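Colleague: Structure file model37.cif (mmCIF, N, CA and C atoms) is given on the next line.
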data_upload
#
loop_
_atom_site.label_atom_id
_atom_site.label_comp_id
_atom_site.auth_asym_id
_atom_site.auth_seq_id
_atom_site.Cartn_x
_atom_site.Cartn_y
_atom_site.Cartn_z
N MET A 44 -12.13 22.57 58.50
CA MET A 44 -12.21 21.72 57.33
C MET A 44 -12.04 20.26 57.76
N SER A 45 -12.73 19.41 57.07
CA SER A 45 -12.66 17.99 57.33
C SER A 45 -11.27 17.46 56.99
N PRO A 46 -10.65 16.70 57.91
CA PRO A 46 -9.34 16.11 57.60
C PRO A 46 -9.42 15.09 56.46
N ARG A 47 -10.62 14.61 56.18
CA ARG A 47 -10.80 13.61 55.12
C ARG A 47 -11.44 14.23 53.88
N ARG A 48 -11.34 15.54 53.72
CA ARG A 48 -12.08 16.25 52.69
C ARG A 48 -11.96 15.62 51.30
N HIS A 49 -10.81 15.15 50.93
CA HIS A 49 -10.63 14.58 49.59
C HIS A 49 -10.56 13.05 49.63
N SER A 50 -11.00 12.49 50.74
CA SER A 50 -10.95 11.05 50.93
C SER A 50 -12.12 10.36 50.23
N ALA A 51 -11.94 9.10 49.91
CA ALA A 51 -13.02 8.28 49.36
C ALA A 51 -13.96 7.80 50.47
N ASP A 52 -13.60 8.06 51.73
CA ASP A 52 -14.41 7.65 52.87
C ASP A 52 -15.59 8.62 53.04
N LEU A 53 -16.66 8.36 52.30
CA LEU A 53 -17.81 9.27 52.30
C LEU A 53 -18.49 9.35 53.66
N ARG A 54 -18.62 8.22 54.34
CA ARG A 54 -19.21 8.22 55.68
C ARG A 54 -18.36 9.05 56.64
N GLY A 55 -17.07 8.87 56.58
CA GLY A 55 -16.17 9.64 57.45
C GLY A 55 -16.25 11.13 57.18
N ARG A 56 -16.35 11.50 55.91
CA ARG A 56 -16.47 12.92 55.56
C ARG A 56 -17.74 13.52 56.14
N ARG A 57 -18.87 12.77 56.04
CA ARG A 57 -20.13 13.26 56.61
C ARG A 57 -20.00 13.38 58.12
N GLN A 58 -19.41 12.38 58.75
CA GLN A 58 -19.25 12.41 60.20
C GLN A 58 -18.35 13.58 60.63
N ASP A 59 -17.30 13.85 59.87
CA ASP A 59 -16.43 14.99 60.18
C ASP A 59 -17.20 16.30 60.16
N LEU A 60 -18.24 16.36 59.34
CA LEU A 60 -19.07 17.56 59.26
C LEU A 60 -20.08 17.64 60.40
N GLY A 61 -20.23 16.55 61.14
CA GLY A 61 -21.16 16.53 62.26
C GLY A 61 -22.62 16.41 61.84
N ILE A 62 -22.85 15.80 60.68
CA ILE A 62 -24.20 15.65 60.16
C ILE A 62 -24.64 14.21 60.31
N GLY A 63 -25.78 14.00 60.93
CA GLY A 63 -26.32 12.66 61.10
C GLY A 63 -26.76 12.08 59.77
N VAL A 64 -26.76 10.77 59.69
CA VAL A 64 -27.09 10.09 58.44
C VAL A 64 -28.52 10.39 58.00
N ARG A 65 -29.46 10.43 58.95
CA ARG A 65 -30.85 10.73 58.58
C ARG A 65 -31.00 12.18 58.12
N ASP A 66 -30.31 13.10 58.79
CA ASP A 66 -30.36 14.51 58.37
C ASP A 66 -29.76 14.68 56.98
N MET A 67 -28.68 13.97 56.70
CA MET A 67 -28.06 14.08 55.38
C MET A 67 -29.00 13.55 54.30
N ALA A 68 -29.61 12.41 54.54
CA ALA A 68 -30.54 11.84 53.55
C ALA A 68 -31.71 12.80 53.34
N ALA A 69 -32.29 13.30 54.43
CA ALA A 69 -33.42 14.23 54.30
C ALA A 69 -33.00 15.50 53.58
N GLY A 70 -31.84 16.01 53.92
CA GLY A 70 -31.36 17.24 53.30
C GLY A 70 -31.13 17.11 51.81
N LEU A 71 -30.70 15.94 51.38
CA LEU A 71 -30.48 15.70 49.96
C LEU A 71 -31.74 15.23 49.25
N GLY A 72 -32.78 14.93 50.03
CA GLY A 72 -34.03 14.48 49.45
C GLY A 72 -33.98 13.07 48.89
N ILE A 73 -33.20 12.21 49.56
CA ILE A 73 -33.07 10.83 49.10
C ILE A 73 -33.43 9.87 50.23
N GLU A 74 -33.69 8.63 49.87
CA GLU A 74 -34.00 7.59 50.85
C GLU A 74 -32.75 7.26 51.67
N LEU A 75 -32.98 6.92 52.93
CA LEU A 75 -31.88 6.56 53.83
C LEU A 75 -31.08 5.39 53.26
N GLY A 76 -31.75 4.38 52.75
CA GLY A 76 -31.06 3.21 52.19
C GLY A 76 -30.15 3.57 51.04
N ARG A 77 -30.57 4.52 50.23
CA ARG A 77 -29.75 4.98 49.09
C ARG A 77 -28.48 5.66 49.61
N LEU A 78 -28.63 6.49 50.64
CA LEU A 78 -27.47 7.16 51.21
C LEU A 78 -26.51 6.14 51.82
N LEU A 79 -27.05 5.17 52.53
CA LEU A 79 -26.19 4.16 53.15
C LEU A 79 -25.43 3.37 52.09
N ALA A 80 -26.08 3.09 50.96
CA ALA A 80 -25.40 2.39 49.86
C ALA A 80 -24.27 3.25 49.31
N MET A 81 -24.49 4.55 49.24
CA MET A 81 -23.43 5.45 48.77
C MET A 81 -22.25 5.41 49.72
N GLU A 82 -22.55 5.39 51.02
CA GLU A 82 -21.47 5.40 52.01
C GLU A 82 -20.73 4.08 52.10
N ASP A 83 -21.41 2.98 51.85
CA ASP A 83 -20.71 1.69 51.97
C ASP A 83 -20.12 1.21 50.64
N GLY A 84 -20.29 2.03 49.59
CA GLY A 84 -19.64 1.73 48.32
C GLY A 84 -20.41 0.81 47.40
N THR A 85 -21.66 0.49 47.74
CA THR A 85 -22.43 -0.42 46.89
C THR A 85 -23.37 0.31 45.93
N ALA A 86 -23.39 1.63 45.99
CA ALA A 86 -24.26 2.42 45.10
C ALA A 86 -23.63 2.52 43.72
N THR A 87 -24.42 3.00 42.78
CA THR A 87 -23.91 3.21 41.43
C THR A 87 -22.84 4.30 41.44
N VAL A 88 -22.03 4.31 40.42
CA VAL A 88 -21.00 5.35 40.28
C VAL A 88 -21.66 6.72 40.24
N GLU A 89 -22.81 6.81 39.57
CA GLU A 89 -23.52 8.09 39.47
C GLU A 89 -23.96 8.58 40.85
N ASP A 90 -24.50 7.67 41.68
CA ASP A 90 -24.92 8.04 43.03
C ASP A 90 -23.72 8.46 43.88
N GLN A 91 -22.63 7.72 43.77
CA GLN A 91 -21.44 8.08 44.55
C GLN A 91 -20.90 9.44 44.12
N THR A 92 -20.94 9.73 42.83
CA THR A 92 -20.49 11.04 42.34
C THR A 92 -21.40 12.14 42.85
N PHE A 93 -22.72 11.88 42.82
CA PHE A 93 -23.70 12.83 43.34
C PHE A 93 -23.38 13.17 44.80
N TYR A 94 -23.16 12.15 45.60
CA TYR A 94 -22.90 12.34 47.03
C TYR A 94 -21.55 13.03 47.26
N ARG A 95 -20.54 12.61 46.54
CA ARG A 95 -19.22 13.23 46.67
C ARG A 95 -19.28 14.72 46.32
N THR A 96 -20.05 15.06 45.29
CA THR A 96 -20.21 16.45 44.89
C THR A 96 -20.89 17.26 45.99
N TRP A 97 -21.96 16.70 46.57
CA TRP A 97 -22.64 17.40 47.67
C TRP A 97 -21.73 17.55 48.88
N LEU A 98 -21.00 16.51 49.24
CA LEU A 98 -20.09 16.61 50.38
C LEU A 98 -19.05 17.71 50.15
N SER A 99 -18.52 17.78 48.94
CA SER A 99 -17.53 18.82 48.64
C SER A 99 -18.14 20.21 48.78
N SER A 100 -19.37 20.37 48.34
CA SER A 100 -20.05 21.66 48.48
C SER A 100 -20.24 22.01 49.94
N ILE A 101 -20.76 21.06 50.71
CA ILE A 101 -21.02 21.30 52.13
C ILE A 101 -19.72 21.59 52.87
N GLU A 102 -18.66 20.89 52.54
CA GLU A 102 -17.36 21.12 53.19
C GLU A 102 -16.86 22.54 52.92
N GLY A 103 -17.30 23.14 51.82
CA GLY A 103 -16.90 24.50 51.50
C GLY A 103 -17.71 25.58 52.19
N TRP A 104 -18.82 25.19 52.83
CA TRP A 104 -19.66 26.16 53.52
C TRP A 104 -19.01 26.59 54.83
N SER A 105 -19.32 27.80 55.25
CA SER A 105 -18.88 28.26 56.57
C SER A 105 -19.69 27.51 57.63
N ALA A 106 -19.23 27.58 58.87
CA ALA A 106 -19.96 26.93 59.97
C ALA A 106 -21.36 27.53 60.08
N GLY A 107 -21.48 28.83 59.87
CA GLY A 107 -22.78 29.49 59.94
C GLY A 107 -23.73 29.01 58.86
N GLU A 108 -23.21 28.85 57.65
CA GLU A 108 -24.04 28.36 56.55
C GLU A 108 -24.47 26.92 56.81
N ARG A 109 -23.57 26.09 57.32
CA ARG A 109 -23.92 24.70 57.65
C ARG A 109 -25.04 24.68 58.68
N HIS A 110 -24.92 25.54 59.69
CA HIS A 110 -25.94 25.61 60.74
C HIS A 110 -27.29 26.01 60.13
N THR A 111 -27.29 27.02 59.27
CA THR A 111 -28.53 27.47 58.62
C THR A 111 -29.16 26.36 57.80
N GLN A 112 -28.34 25.66 57.03
CA GLN A 112 -28.86 24.59 56.18
C GLN A 112 -29.39 23.42 57.02
N LEU A 113 -28.68 23.06 58.09
CA LEU A 113 -29.14 21.97 58.95
C LEU A 113 -30.44 22.34 59.66
N GLN A 114 -30.60 23.62 60.00
CA GLN A 114 -31.84 24.07 60.61
C GLN A 114 -32.99 23.94 59.61
N ARG A 115 -32.72 24.27 58.36
CA ARG A 115 -33.73 24.12 57.29
C ARG A 115 -34.17 22.66 57.19
N VAL A 116 -33.19 21.74 57.26
CA VAL A 116 -33.51 20.30 57.19
C VAL A 116 -34.35 19.90 58.41
N SER A 117 -33.98 20.38 59.58
CA SER A 117 -34.73 20.07 60.80
C SER A 117 -36.17 20.55 60.70
N ASP A 118 -36.38 21.62 59.96
CA ASP A 118 -37.72 22.17 59.78
C ASP A 118 -38.47 21.52 58.62
N GLY A 119 -37.89 20.45 58.05
CA GLY A 119 -38.56 19.70 56.99
C GLY A 119 -38.15 20.07 55.59
N GLY A 120 -37.17 20.94 55.43
CA GLY A 120 -36.73 21.36 54.11
C GLY A 120 -35.55 20.55 53.61
N ARG A 121 -34.96 21.05 52.54
CA ARG A 121 -33.77 20.43 51.95
C ARG A 121 -32.66 21.46 51.88
N VAL A 122 -31.43 21.00 51.73
CA VAL A 122 -30.32 21.92 51.56
C VAL A 122 -30.41 22.56 50.18
N ARG A 123 -29.84 23.73 50.08
CA ARG A 123 -29.86 24.43 48.78
C ARG A 123 -28.48 24.55 48.23
#
Mind converting the file's structure to structure tokens?
Modeller:
Amino acid sequence: MSPRRHSADLRGRRQDLGIGVRDMAAGLGIELGRLLAMEDGTATVEDQTFYRTWLSSIEGWSAGERHTQLQRVSDGGRVR
């Protein structure tokens, strides 16, 4: 589990999961710039809530599920 799981540090939470910024944006089906705005705190409250919700879901996945989902993203898909 991420040591920052309930932290407001969204970038740190993603990094703790070992997911690259481009993979995360692709997996969520959003533009890289939008994801970066979410991580640096300049995005809308709605976008930050969206991202925080996804991070919480991903943090709850097993290592095997994370691997499966990241493979799907590498193959051009999105996380489910």
Colleague: How big is the axis-aligned box around all listed atoms of stretch 61-79 of chain A once 6 Å goes on each side, and where's its centre, in Å to one decimal, as lines of an AutoDock Vina configuration file?
Modeller:
center_x = -27.1
center_y = 10.2
center_z = 55.6
size_x = 25.8
size_y = 26.0
size_z = 25.4
Colleague: Rounded to one decimal place, report the atom CA of A:Ser50-atom CA of A:Tyr94 distance in Å.
Modeller: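 Between these atoms lies a distance of 12.6 Å.
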Colleague: Residues of stretch 47-86 of chain A that have any atom at most 12 Å from an atom of stretch 115-118 of chain A: could you tabulate them with the shortest-distance atom pair and the distance in Å to one decimal, using only C-alpha atoms, ordered by chain and increasing number, as CSV?
Modeller:
residue,atom,partner,partner_atom,distance
A:Ile62,CA,A:Val116,CA,10.8
A:Gly63,CA,A:Val116,CA,11.2
A:Arg65,CA,A:Val116,CA,10.0
A:Asp66,CA,A:Val116,CA,6.7
A:Met67,CA,A:Val116,CA,8.5
A:Ala68,CA,A:Val116,CA,9.7
A:Ala69,CA,A:Val116,CA,6.7
A:Gly70,CA,A:Val116,CA,5.4
A:Leu71,CA,A:Val116,CA,9.1
A:Gly72,CA,A:Val116,CA,9.7
Colleague: Could you pull out all residues of stretch 46-120 of chain A with a DSSP call of helix (DSSP H, G or I) and give them as a VMD selection string?
Modeller: chain A and resid 53 to 59 64 to 71 75 to 83 88 to 102 106 to 117
Colleague: One number please: atom CA of A:Asp83 to atom CA of A:Gln114, in Å, one decimal.
Modeller: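 We find that atom CA of A:Asp83 and atom CA of A:Gln114 lie 26.4 Å from each other.
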Colleague: Nearest to A:Asp52: which of A:Ile73, A:Glu108, A:Phe93, A:Glu82 is it, counting all atoms listed in the file?
Modeller: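 Looking at the shortest contact to A:Asp52, the residue is A:Glu82.
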Colleague: Which one of A:Leu113, A:Leu78, A:Val122, A:Leu60 sits closest to A:Thr92 if you count only C-alpha atoms?
Modeller: A:Leu78
Colleague: To one decimal place in Å, what is the distance between atom CA of A:Gly76 and atom CA of A:Gly103?
Modeller: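 Computing the Euclidean distance for atom CA of A:Gly76 and atom CA of A:Gly103 yields 25.6 Å.
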Colleague: Once the PyMOL selection byres (((chain A and resi 91 and name CA) around 10) and name CA) has been evaluated on this model, what residues remain selected, and can you format them as a list in words?
Modeller: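 The output of the PyMOL selection byres (((chain A and resi 91 and name CA) around 10) and name CA) on this file is Ala51, Leu53, Arg77, Leu78, Ala80, Met81, Glu82, Asp83, Gly84, Thr85, Ala86, Thr87, Val88, Glu89, Asp90, Thr92, Phe93, Tyr94, Arg95, Thr96 and Trp97 of chain A.
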Colleague: Any chance you could export the current selection's N, CA and C atoms as a CSV table (one decimal), in the frame of the given file?
Modeller:
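Everything below was put into part.csv:
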chain,number,residue,atom,x,y,z
A,51,ALA,N,-11.9,9.1,49.9
A,51,ALA,CA,-13.0,8.3,49.4
A,51,ALA,C,-14.0,7.8,50.5
A,53,LEU,N,-16.7,8.4,52.3
A,53,LEU,CA,-17.8,9.3,52.3
A,53,LEU,C,-18.5,9.4,53.7
A,77,ARG,N,-30.6,4.5,50.2
A,77,ARG,CA,-29.8,5.0,49.1
A,77,ARG,C,-28.5,5.7,49.6
A,78,LEU,N,-28.6,6.5,50.6
A,78,LEU,CA,-27.5,7.2,51.2
A,78,LEU,C,-26.5,6.1,51.8
A,80,ALA,N,-26.1,3.1,51.0
A,80,ALA,CA,-25.4,2.4,49.9
A,80,ALA,C,-24.3,3.2,49.3
A,81,MET,N,-24.5,4.6,49.2
A,81,MET,CA,-23.4,5.4,48.8
A,81,MET,C,-22.2,5.4,49.7
A,82,GLU,N,-22.6,5.4,51.0
A,82,GLU,CA,-21.5,5.4,52.0
A,82,GLU,C,-20.7,4.1,52.1
A,83,ASP,N,-21.4,3.0,51.8
A,83,ASP,CA,-20.7,1.7,52.0
A,83,ASP,C,-20.1,1.2,50.6
A,84,GLY,N,-20.3,2.0,49.6
A,84,GLY,CA,-19.6,1.7,48.3
A,84,GLY,C,-20.4,0.8,47.4
A,85,THR,N,-21.7,0.5,47.7
A,85,THR,CA,-22.4,-0.4,46.9
A,85,THR,C,-23.4,0.3,45.9
A,86,ALA,N,-23.4,1.6,46.0
A,86,ALA,CA,-24.3,2.4,45.1
A,86,ALA,C,-23.6,2.5,43.7
A,87,THR,N,-24.4,3.0,42.8
A,87,THR,CA,-23.9,3.2,41.4
A,87,THR,C,-22.8,4.3,41.4
A,88,VAL,N,-22.0,4.3,40.4
A,88,VAL,CA,-21.0,5.4,40.3
A,88,VAL,C,-21.7,6.7,40.2
A,89,GLU,N,-22.8,6.8,39.6
A,89,GLU,CA,-23.5,8.1,39.5
A,89,GLU,C,-24.0,8.6,40.8
A,90,ASP,N,-24.5,7.7,41.7
A,90,ASP,CA,-24.9,8.0,43.0
A,90,ASP,C,-23.7,8.5,43.9
A,92,THR,N,-20.9,9.7,42.8
A,92,THR,CA,-20.5,11.0,42.3
A,92,THR,C,-21.4,12.1,42.8
A,93,PHE,N,-22.7,11.9,42.8
A,93,PHE,CA,-23.7,12.8,43.3
A,93,PHE,C,-23.4,13.2,44.8
A,94,TYR,N,-23.2,12.2,45.6
A,94,TYR,CA,-22.9,12.3,47.0
A,94,TYR,C,-21.6,13.0,47.3
A,95,ARG,N,-20.5,12.6,46.5
A,95,ARG,CA,-19.2,13.2,46.7
A,95,ARG,C,-19.3,14.7,46.3
A,96,THR,N,-20.0,15.1,45.3
A,96,THR,CA,-20.2,16.4,44.9
A,96,THR,C,-20.9,17.3,46.0
A,97,TRP,N,-22.0,16.7,46.6
A,97,TRP,CA,-22.6,17.4,47.7
A,97,TRP,C,-21.7,17.6,48.9
